[in-house]
Structure formats: C-alpha cells, structure tokens
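Trainee: Could you have a look at this structure, given as structure tokens, before my questions?
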Amino acid sequence: MLDQMNSEEIVSEDTPELRVFFGDLRKMTSIEVADGEVSLIVTSPPYFNAPFDYPDLFPSYEDYLGLVRSFASQSRRVLGKGRICAIVTDDMLVKEETGSRGRRYPLVADTTRIFLDEGFLYRDKITWIKPAGYTRISRRSGVVLQHPYPMYFYPDNIQESILLFQNGEFDYSLLKDAPKKILESSKIDTAQLNKERWNLTVWNITNVLPTPGRVEAGIAAFPEEIPRRFIKLFTMVGETVFDPFAGSGTTLKVARELGRKGIGYEIDVELKKIMRKKLGGENFIMEERDGAKRLRKSLQNRIQHQRSVAKPLVPRLIL
Ligand SMILES: C[S@@+](CC[C@H](N)C(=O)[O-])C[C@H]1O[C@@H](n2cnc3c(N)ncnc32)[C@H](O)[C@@H]1O
C-alpha cells in the first residue's frame, strides 16, 4: 500500500506483476488476496441470466444476489481504506419460460443497496454510452415503428451503469507523503481529461466490437478505456488493481500497461487460454482454486440453442 511503498518495491522482480486465481469468488481467502491489499477494484460481474452471455447460469435471482453480497463483503475486506470499487453493470431483461415478454431485473438498484448495506459510501454513478447503432439482442424499438400506436414503445438500450463505491474516507495525507517520483508518474493528464470529457457523468466509449477472431469472443468484455480511466484516476503507479470477475483479463492487461500490479479472480478455467493470449508476458502467476468450473463451451451451446428456438424479447401486436 501507498504508505508502505518505496520505489525499490515498485520495480521489484520478486513480486509477480499479475496473479490470477481460477475459482469461485465466494470462496476467496485472505491467503490469495490479503486484507487491505488492493487500491482499486474495476470489474463487471455477470449480468444475472443475460440471454446473450449467461443463459440460466444462476438458478434464481436470489442466488445471483448472493454472489453480489459475497462480492461486496470480499471487496470491503481487500480494499484499502477510502479506496474505490468501480462496477460496470446494468439492469437485465430475461426471458421467462412461461411468457414471451421477458422480465426486467433491477441489478443497478439491488447492487447499490447491497454495497450500501455492506458499509460502502456511494461516491458516484457514471453512465457509459455506446454508439447509437449498437444493440445486442433485438431492436425493441422496431415494435413502435411497425405498430405506431400507444403502448408499443420499447427503447433499445445503448448504455450501462458504472457504480463507484468508496471504502470509507480516504486519507489524503498519504499522497503528500508518497515518494515524489511516484507522485509525478501518477499525475493525471488534465488536458486529456478535459478533451475526452472524463469530467462528466456520461462517458461515450465504443464497446468491444465483434470483429472476427478477436481474443474476447464469447466473453462480455468491456473496452480497455474503462479500466484505463479508473486506474489513472484512482491509483498511484505500483499499487494493486483487482478484478474479481476477470473474464478475458482486460483490467489486468491495462493495470500492467500502466505500471500497476494486478490480481484477478475468475471461475471459468476455460478462459485460461484466452487470458494467457491477452496478457502474454512474464511475471505472471495463474493458479486453480476451489470451485473452478468449465463454463464457456456449455454457455455458448445454450446461447446457440436459444437463438435457434427464440422468439424476440418484444411483444406481438394485439389490436
Ligand atoms: C462480464 S464478465 C467479465 C468480463 C471482463 N470485464 C473482460 O473484460 O473480459 C464476468 C465474468 O465473471 C465470471 N464469474 C461468474 N461467476 C463467478 C464467480 N462466482 N467467481 C468468479 N468469477 C465469476 C464469469 O465467468 C465471467 O467471465
């Protein structure tokens, strides 16, 4: 942590820059990630039973909320005092077996409530806007164009929420006491901040495009620009960034590029190969832990199956 840090430690070759554990976050122990070891969390939990990523992964919404509760308490334990947890998430429309309309689950509200109950401060909410042509599952807005009558309006979603929680108050004297070299190399480029409008609560960032052969195929990866901004805004060079739902390893990749250490947790061992490809490099630990599963292929098969039998998540015309 910052108060214990000196520049020798920052460039130490004994400490691997990246550690990734394949296991269930609910079973993470302080041997893997120590209390207060982490200076920033940037992550995106699975979006409940998102039809395009995690169909039927969770037996119930209550089971999903159990994972979020455990994520909140693990985050509180591993984060240093006053440090930030940035969560990319959004409400989710899930098709129920019995109906064709789908039901909306309030992930943003429930995640917020759970983090507040855990004792976090609610620092900010940023809305991430994707390009207007982007929709993943079906163009719900087409309904009102086909049937231009009241009650047929269903907008297309091109946004996600980024919730920022803070682990109590930050002690700013830690910055004052930090080595000058570290402070200088961690200085925020305010010209870039203004030019790219990081100063606003709305961020326009292109999502990871579905180009053929991309390394993140089949993973709901976020663009590197998201962890890049948060790592620069909330950590010093040499500090540790944690992604408890590491996926393809986007946060870890950016952390290393910016001279920070990275720790990842990921349940799906089938992502090992993808992560290795994305992260490459030396100074890199990967270990398997309790509760690791093989998920990706079976999820992909289920998505294919659903697509072949699915009705769109939009209502039919009834006049
Ligand atoms: C939205 S993805 C994260 C994608 C990542 N941000 C990226 O850029 O590649 C969520 C990840 O959480 C993982 N996951 C789901 N349940 C988990 C659990 N209990 N413990 C750890 N990881 C879990 C999923 O396998 C998935 O890879």
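Chain lettering (A, B, ...) mirrors the order of the structure tokens, residue numbering begins at 1 for each chain separately, and ligand numbering begins at 1 in order of display.
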Show me which residues line ligand 1, defined as having an atom within 6 Å of a ligand atom where only C-alpha atoms and all ligand atoms count, and present them as a PyMOL selection string.
Mentor: chain A and resi 24-26+43-46+219-222+245-250+265-268
Trainee: DSSP says helix (DSSP H, G or I) for which residues of stretch 15-245 of chain A? Put them as JSON, numbers by chain?
Mentor: {"A": [25, 26, 27, 61, 62, 63, 64, 65, 66, 67, 68, 69, 70, 71, 72, 73, 74, 75, 76, 77, 78, 107, 108, 109, 110, 111, 112, 113, 114, 115, 116, 117, 142, 143, 144, 145, 146, 173, 174, 175, 176, 180, 181, 182, 183, 184, 185, 190, 191, 192, 193, 194, 195, 225, 226, 227, 228, 229, 230, 231, 232, 233, 234]}
Trainee: Using C-alpha atoms, can you write the selected residues to a file as a PDB file, in the first residue's frame?
Mentor:
```pdb
ATOM      1  CA  LEU A  25     -15.057 -15.618  -5.682  1.00  0.00           C
ATOM      2  CA  ARG A  26     -17.382 -16.701  -2.878  1.00  0.00           C
ATOM      3  CA  LYS A  27     -14.552 -18.939  -1.635  1.00  0.00           C
ATOM      4  CA  TYR A  61     -32.290 -14.096  -8.893  1.00  0.00           C
ATOM      5  CA  GLU A  62     -31.863 -14.616  -5.142  1.00  0.00           C
ATOM      6  CA  ASP A  63     -28.911 -16.910  -5.857  1.00  0.00           C
ATOM      7  CA  TYR A  64     -27.416 -14.165  -8.066  1.00  0.00           C
ATOM      8  CA  LEU A  65     -27.866 -11.587  -5.297  1.00  0.00           C
ATOM      9  CA  GLY A  66     -25.997 -13.992  -3.003  1.00  0.00           C
ATOM     10  CA  LEU A  67     -22.984 -13.669  -5.315  1.00  0.00           C
ATOM     11  CA  VAL A  68     -23.285  -9.862  -5.272  1.00  0.00           C
ATOM     12  CA  ARG A  69     -23.416  -9.900  -1.440  1.00  0.00           C
ATOM     13  CA  SER A  70     -20.306 -12.007  -1.291  1.00  0.00           C
ATOM     14  CA  PHE A  71     -18.618  -9.712  -3.862  1.00  0.00           C
ATOM     15  CA  ALA A  72     -19.473  -6.704  -1.649  1.00  0.00           C
ATOM     16  CA  SER A  73     -18.063  -8.252   1.527  1.00  0.00           C
ATOM     17  CA  GLN A  74     -14.908  -9.509  -0.209  1.00  0.00           C
ATOM     18  CA  SER A  75     -14.414  -6.042  -1.721  1.00  0.00           C
ATOM     19  CA  ARG A  76     -14.742  -4.379   1.673  1.00  0.00           C
ATOM     20  CA  ARG A  77     -12.153  -6.762   3.084  1.00  0.00           C
ATOM     21  CA  VAL A  78      -9.490  -6.465   0.369  1.00  0.00           C
ATOM     22  CA  LEU A 107     -29.392  -5.114 -10.959  1.00  0.00           C
ATOM     23  CA  VAL A 108     -28.270  -1.497 -10.569  1.00  0.00           C
ATOM     24  CA  ALA A 109     -30.640  -0.747  -7.665  1.00  0.00           C
ATOM     25  CA  ASP A 110     -30.011  -4.077  -5.928  1.00  0.00           C
ATOM     26  CA  THR A 111     -26.223  -3.874  -6.298  1.00  0.00           C
ATOM     27  CA  THR A 112     -26.309  -0.328  -4.887  1.00  0.00           C
ATOM     28  CA  ARG A 113     -28.413  -1.424  -1.903  1.00  0.00           C
ATOM     29  CA  ILE A 114     -26.112  -4.381  -1.181  1.00  0.00           C
ATOM     30  CA  PHE A 115     -22.947  -2.235  -1.296  1.00  0.00           C
ATOM     31  CA  LEU A 116     -24.527   0.397   0.959  1.00  0.00           C
ATOM     32  CA  ASP A 117     -25.616  -2.293   3.426  1.00  0.00           C
ATOM     33  CA  GLY A 142     -38.849  -1.643 -34.112  1.00  0.00           C
ATOM     34  CA  VAL A 143     -42.170  -2.519 -32.431  1.00  0.00           C
ATOM     35  CA  VAL A 144     -43.476   1.033 -32.360  1.00  0.00           C
ATOM     36  CA  LEU A 145     -42.364   1.564 -35.951  1.00  0.00           C
ATOM     37  CA  GLN A 146     -44.345  -1.482 -37.059  1.00  0.00           C
ATOM     38  CA  SER A 173      -2.013  12.855   3.625  1.00  0.00           C
ATOM     39  CA  LEU A 174      -0.918   9.539   2.063  1.00  0.00           C
ATOM     40  CA  LEU A 175      -0.477  11.386  -1.237  1.00  0.00           C
ATOM     41  CA  LYS A 176       1.521  14.111   0.436  1.00  0.00           C
ATOM     42  CA  LYS A 180       7.998  12.353  -5.310  1.00  0.00           C
ATOM     43  CA  LYS A 181       8.892  10.172  -8.280  1.00  0.00           C
ATOM     44  CA  ILE A 182       5.779   8.062  -7.806  1.00  0.00           C
ATOM     45  CA  LEU A 183       3.538  11.067  -7.362  1.00  0.00           C
ATOM     46  CA  GLU A 184       4.935  12.665 -10.532  1.00  0.00           C
ATOM     47  CA  SER A 185       4.480   9.499 -12.628  1.00  0.00           C
ATOM     48  CA  THR A 190      -5.870  17.138 -17.187  1.00  0.00           C
ATOM     49  CA  ALA A 191      -5.647  18.226 -20.840  1.00  0.00           C
ATOM     50  CA  GLN A 192      -6.667  14.683 -21.851  1.00  0.00           C
ATOM     51  CA  LEU A 193      -9.314  14.576 -19.103  1.00  0.00           C
ATOM     52  CA  ASN A 194     -10.915  17.759 -20.479  1.00  0.00           C
ATOM     53  CA  LYS A 195     -10.541  16.870 -24.131  1.00  0.00           C
ATOM     54  CA  GLU A 225     -10.669   2.538 -21.975  1.00  0.00           C
ATOM     55  CA  ILE A 226     -12.882   1.887 -18.931  1.00  0.00           C
ATOM     56  CA  PRO A 227     -10.211   0.416 -16.601  1.00  0.00           C
ATOM     57  CA  ARG A 228      -7.646   2.819 -18.111  1.00  0.00           C
ATOM     58  CA  ARG A 229      -9.564   5.884 -16.898  1.00  0.00           C
ATOM     59  CA  PHE A 230     -10.277   4.494 -13.424  1.00  0.00           C
ATOM     60  CA  ILE A 231      -6.727   3.228 -12.870  1.00  0.00           C
ATOM     61  CA  LYS A 232      -5.330   6.658 -13.735  1.00  0.00           C
ATOM     62  CA  LEU A 233      -7.961   8.481 -11.686  1.00  0.00           C
ATOM     63  CA  PHE A 234      -7.790   6.359  -8.519  1.00  0.00           C
TER      64      PHE A 234
END
```
Trainee: Do you have the atom CA of A:Ile205-atom CA of A:Trp128 distance handy?
Mentor: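 A separation of 6.7 Å between them.
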Trainee: Out of stretch 8-189 of chain A, which residues get strand (DSSP E) from DSSP, as a PyMOL selection string?
Mentor: chain A and resi 18-22+38-43+79-89+92-94+103-105+121-129+159-166
Trainee: Please produce an output containing N, CA and C atoms for each residue in the selection, written as a tab-separated table (two decimals), in the first residue's frame.
Mentor:
```
chain	number	residue	atom	x	y	z
A	18	LEU	N	1.29	-9.82	-12.10
A	18	LEU	CA	-0.11	-10.27	-12.20
A	18	LEU	C	-0.30	-11.62	-11.53
A	19	ARG	N	-1.38	-11.73	-10.74
A	19	ARG	CA	-1.76	-13.02	-10.15
A	19	ARG	C	-3.21	-13.29	-10.53
A	20	VAL	N	-3.46	-14.47	-11.10
A	20	VAL	CA	-4.84	-14.81	-11.44
A	20	VAL	C	-5.21	-16.12	-10.76
A	21	PHE	N	-6.35	-16.11	-10.07
A	21	PHE	CA	-6.84	-17.33	-9.42
A	21	PHE	C	-8.11	-17.77	-10.14
A	22	PHE	N	-8.14	-19.06	-10.51
A	22	PHE	CA	-9.34	-19.60	-11.11
A	22	PHE	C	-10.12	-20.33	-10.02
A	38	VAL	N	-5.58	-4.18	-1.73
A	38	VAL	CA	-5.99	-3.68	-3.05
A	38	VAL	C	-6.29	-2.17	-2.99
A	39	SER	N	-5.83	-1.44	-4.02
A	39	SER	CA	-6.08	0.01	-4.05
A	39	SER	C	-7.24	0.39	-4.95
A	40	LEU	N	-7.65	-0.51	-5.82
A	40	LEU	CA	-8.79	-0.21	-6.71
A	40	LEU	C	-9.36	-1.52	-7.24
A	41	ILE	N	-10.70	-1.58	-7.30
A	41	ILE	CA	-11.36	-2.69	-7.99
A	41	ILE	C	-12.04	-2.11	-9.24
A	42	VAL	N	-11.77	-2.71	-10.39
A	42	VAL	CA	-12.54	-2.38	-11.60
A	42	VAL	C	-13.06	-3.70	-12.14
A	43	THR	N	-14.38	-3.83	-12.23
A	43	THR	CA	-14.92	-5.13	-12.59
A	43	THR	C	-16.30	-5.03	-13.21
A	79	LEU	N	-10.10	-4.12	-0.02
A	79	LEU	CA	-9.77	-2.74	-0.40
A	79	LEU	C	-9.14	-1.98	0.76
A	80	GLY	N	-8.17	-1.14	0.42
A	80	GLY	CA	-7.59	-0.24	1.43
A	80	GLY	C	-8.61	0.80	1.84
A	81	LYS	N	-8.32	1.48	2.92
A	81	LYS	CA	-9.26	2.47	3.46
A	81	LYS	C	-9.45	3.62	2.46
A	82	GLY	N	-10.70	3.94	2.22
A	82	GLY	CA	-11.02	5.07	1.34
A	82	GLY	C	-10.92	4.75	-0.14
A	83	ARG	N	-10.62	3.50	-0.47
A	83	ARG	CA	-10.38	3.17	-1.87
A	83	ARG	C	-11.68	2.80	-2.60
A	84	ILE	N	-11.57	2.74	-3.94
A	84	ILE	CA	-12.76	2.71	-4.80
A	84	ILE	C	-13.01	1.33	-5.41
A	85	CYS	N	-14.30	1.00	-5.49
A	85	CYS	CA	-14.74	-0.19	-6.23
A	85	CYS	C	-15.63	0.30	-7.38
A	86	ALA	N	-15.18	0.10	-8.62
A	86	ALA	CA	-15.94	0.54	-9.81
A	86	ALA	C	-16.60	-0.67	-10.45
A	87	ILE	N	-17.94	-0.66	-10.52
A	87	ILE	CA	-18.69	-1.83	-11.01
A	87	ILE	C	-19.46	-1.47	-12.27
A	88	VAL	N	-19.14	-2.15	-13.35
A	88	VAL	CA	-19.89	-1.95	-14.60
A	88	VAL	C	-21.03	-2.96	-14.59
A	89	THR	N	-22.26	-2.46	-14.62
A	89	THR	CA	-23.40	-3.38	-14.58
A	89	THR	C	-24.61	-2.68	-15.22
A	92	MET	N	-31.27	-6.01	-16.28
A	92	MET	CA	-31.25	-7.10	-17.26
A	92	MET	C	-32.65	-7.59	-17.60
A	93	LEU	N	-32.91	-7.70	-18.89
A	93	LEU	CA	-34.17	-8.23	-19.37
A	93	LEU	C	-33.98	-9.72	-19.67
A	94	VAL	N	-34.70	-10.56	-18.93
A	94	VAL	CA	-34.52	-12.01	-19.09
A	94	VAL	C	-35.83	-12.65	-19.48
A	103	ARG	N	-38.66	-10.36	-18.41
A	103	ARG	CA	-38.86	-9.62	-17.16
A	103	ARG	C	-37.59	-8.85	-16.86
A	104	ARG	N	-37.77	-7.60	-16.40
A	104	ARG	CA	-36.59	-6.75	-16.15
A	104	ARG	C	-36.18	-6.88	-14.69
A	105	TYR	N	-34.88	-7.15	-14.47
A	105	TYR	CA	-34.34	-7.28	-13.11
A	105	TYR	C	-33.50	-6.04	-12.77
A	121	LEU	N	-19.49	3.77	0.97
A	121	LEU	CA	-20.08	5.06	0.63
A	121	LEU	C	-20.39	5.03	-0.87
A	122	TYR	N	-21.51	5.66	-1.24
A	122	TYR	CA	-21.89	5.71	-2.66
A	122	TYR	C	-21.28	6.98	-3.24
A	123	ARG	N	-20.19	6.83	-3.98
A	123	ARG	CA	-19.44	8.01	-4.41
A	123	ARG	C	-19.97	8.63	-5.71
A	124	ASP	N	-20.25	7.80	-6.70
A	124	ASP	CA	-20.69	8.35	-7.99
A	124	ASP	C	-21.31	7.29	-8.86
A	125	LYS	N	-22.03	7.78	-9.88
A	125	LYS	CA	-22.51	6.85	-10.92
A	125	LYS	C	-22.20	7.47	-12.27
A	126	ILE	N	-21.54	6.69	-13.11
A	126	ILE	CA	-21.24	7.17	-14.47
A	126	ILE	C	-22.07	6.34	-15.44
A	127	THR	N	-22.61	7.01	-16.44
A	127	THR	CA	-23.35	6.28	-17.47
A	127	THR	C	-22.45	6.13	-18.68
A	128	TRP	N	-22.21	4.90	-19.04
A	128	TRP	CA	-21.38	4.60	-20.22
A	128	TRP	C	-22.32	4.45	-21.41
A	129	ILE	N	-22.10	5.31	-22.41
A	129	ILE	CA	-22.95	5.27	-23.62
A	129	ILE	C	-22.17	4.66	-24.78
A	159	GLN	N	-26.75	1.81	-23.14
A	159	GLN	CA	-25.99	2.32	-22.01
A	159	GLN	C	-25.72	1.24	-20.96
A	160	GLU	N	-24.71	1.46	-20.16
A	160	GLU	CA	-24.50	0.65	-18.95
A	160	GLU	C	-24.15	1.61	-17.83
A	161	SER	N	-24.36	1.14	-16.61
A	161	SER	CA	-24.05	1.97	-15.45
A	161	SER	C	-22.70	1.58	-14.90
A	162	ILE	N	-21.97	2.57	-14.42
A	162	ILE	CA	-20.72	2.27	-13.69
A	162	ILE	C	-20.88	2.87	-12.29
A	163	LEU	N	-21.02	1.97	-11.31
A	163	LEU	CA	-21.25	2.40	-9.92
A	163	LEU	C	-19.91	2.52	-9.21
A	164	LEU	N	-19.71	3.65	-8.53
A	164	LEU	CA	-18.45	3.83	-7.79
A	164	LEU	C	-18.74	3.87	-6.30
A	165	PHE	N	-18.21	2.89	-5.58
A	165	PHE	CA	-18.36	2.85	-4.12
A	165	PHE	C	-17.00	3.09	-3.48
A	166	GLN	N	-17.04	3.71	-2.30
A	166	GLN	CA	-15.79	4.05	-1.61
A	166	GLN	C	-15.76	3.39	-0.24
```
Trainee: Please provide as a PyMOL selection string all residues within 10 Å of A:Asp53, with the sequence filter that same-chain residues fewer than 3 positions apart are discarded (counting only C-alpha atoms).
Mentor: chain A and resi 46-50+56-57+218-220+296+299-300+302-303
Trainee: Between A:Gly23, A:Tyr54, A:Glu17, A:Lys297, single out the one closest to A:Thr240, counting only C-alpha atoms.
Mentor: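 Selected residue with least distance to A:Thr240: A:Glu17.
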Trainee: Here is a test: counting only C-alpha atoms, which residue of A:Gly280, A:Pro155, A:Pro51, A:Gly264 is nearest to A:Pro244?
Mentor: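 So, comparing all the options, the nearest one is A:Gly264.
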Trainee: Set the distance at 9 Å and use only C-alpha atoms: which residues neighbour A:Lys253 once local chain neighbours fewer than 2 positions away are removed? I'd like the list as a list in words.
Mentor: Leu18, Glu224, Gly249, Thr250, Thr251, Ala255, Arg256, Glu257, Leu258, Gly262, Lys278 and Leu279 of chain A
Trainee: For the selection you just gave me, I'd like the residues written to a file as a PDB file, in the first residue's frame, keeping N, CA and C atoms.
Mentor:
```pdb
ATOM      1  N   LEU A  18       1.289  -9.821 -12.104  1.00  0.00           N
ATOM      2  CA  LEU A  18      -0.106 -10.269 -12.196  1.00  0.00           C
ATOM      3  C   LEU A  18      -0.298 -11.624 -11.527  1.00  0.00           C
ATOM      4  N   GLU A 224     -10.927  -1.483 -23.051  1.00  0.00           N
ATOM      5  CA  GLU A 224      -9.787  -1.136 -22.193  1.00  0.00           C
ATOM      6  C   GLU A 224      -9.886   0.282 -21.648  1.00  0.00           C
ATOM      7  N   GLY A 249      -9.491 -10.753 -18.868  1.00  0.00           N
ATOM      8  CA  GLY A 249      -8.330 -10.115 -18.222  1.00  0.00           C
ATOM      9  C   GLY A 249      -8.083  -8.672 -18.653  1.00  0.00           C
ATOM     10  N   THR A 250      -9.129  -7.979 -19.120  1.00  0.00           N
ATOM     11  CA  THR A 250      -8.955  -6.603 -19.615  1.00  0.00           C
ATOM     12  C   THR A 250      -8.359  -5.682 -18.540  1.00  0.00           C
ATOM     13  N   THR A 251      -8.921  -5.727 -17.326  1.00  0.00           N
ATOM     14  CA  THR A 251      -8.432  -4.837 -16.258  1.00  0.00           C
ATOM     15  C   THR A 251      -6.962  -5.125 -15.952  1.00  0.00           C
ATOM     16  N   ALA A 255      -3.818  -2.633 -16.201  1.00  0.00           N
ATOM     17  CA  ALA A 255      -3.085  -2.348 -14.960  1.00  0.00           C
ATOM     18  C   ALA A 255      -1.584  -2.499 -15.217  1.00  0.00           C
ATOM     19  N   ARG A 256      -1.214  -3.583 -15.855  1.00  0.00           N
ATOM     20  CA  ARG A 256       0.216  -3.795 -16.109  1.00  0.00           C
ATOM     21  C   ARG A 256       0.778  -2.726 -17.047  1.00  0.00           C
ATOM     22  N   GLU A 257       0.018  -2.386 -18.088  1.00  0.00           N
ATOM     23  CA  GLU A 257       0.500  -1.351 -19.016  1.00  0.00           C
ATOM     24  C   GLU A 257       0.756  -0.033 -18.299  1.00  0.00           C
ATOM     25  N   LEU A 258      -0.036   0.209 -17.239  1.00  0.00           N
ATOM     26  CA  LEU A 258       0.100   1.492 -16.525  1.00  0.00           C
ATOM     27  C   LEU A 258       1.017   1.384 -15.302  1.00  0.00           C
ATOM     28  N   GLY A 262      -1.600  -6.361 -10.720  1.00  0.00           N
ATOM     29  CA  GLY A 262      -2.980  -6.795 -10.947  1.00  0.00           C
ATOM     30  C   GLY A 262      -3.264  -8.141 -10.300  1.00  0.00           C
ATOM     31  N   LYS A 278      -4.188 -12.866 -24.082  1.00  0.00           N
ATOM     32  CA  LYS A 278      -4.392 -11.418 -23.928  1.00  0.00           C
ATOM     33  C   LYS A 278      -3.277 -10.793 -23.087  1.00  0.00           C
ATOM     34  N   LEU A 279      -2.823 -11.526 -22.073  1.00  0.00           N
ATOM     35  CA  LEU A 279      -1.865 -10.935 -21.146  1.00  0.00           C
ATOM     36  C   LEU A 279      -0.416 -11.209 -21.528  1.00  0.00           C
TER      37      LEU A 279
END
```
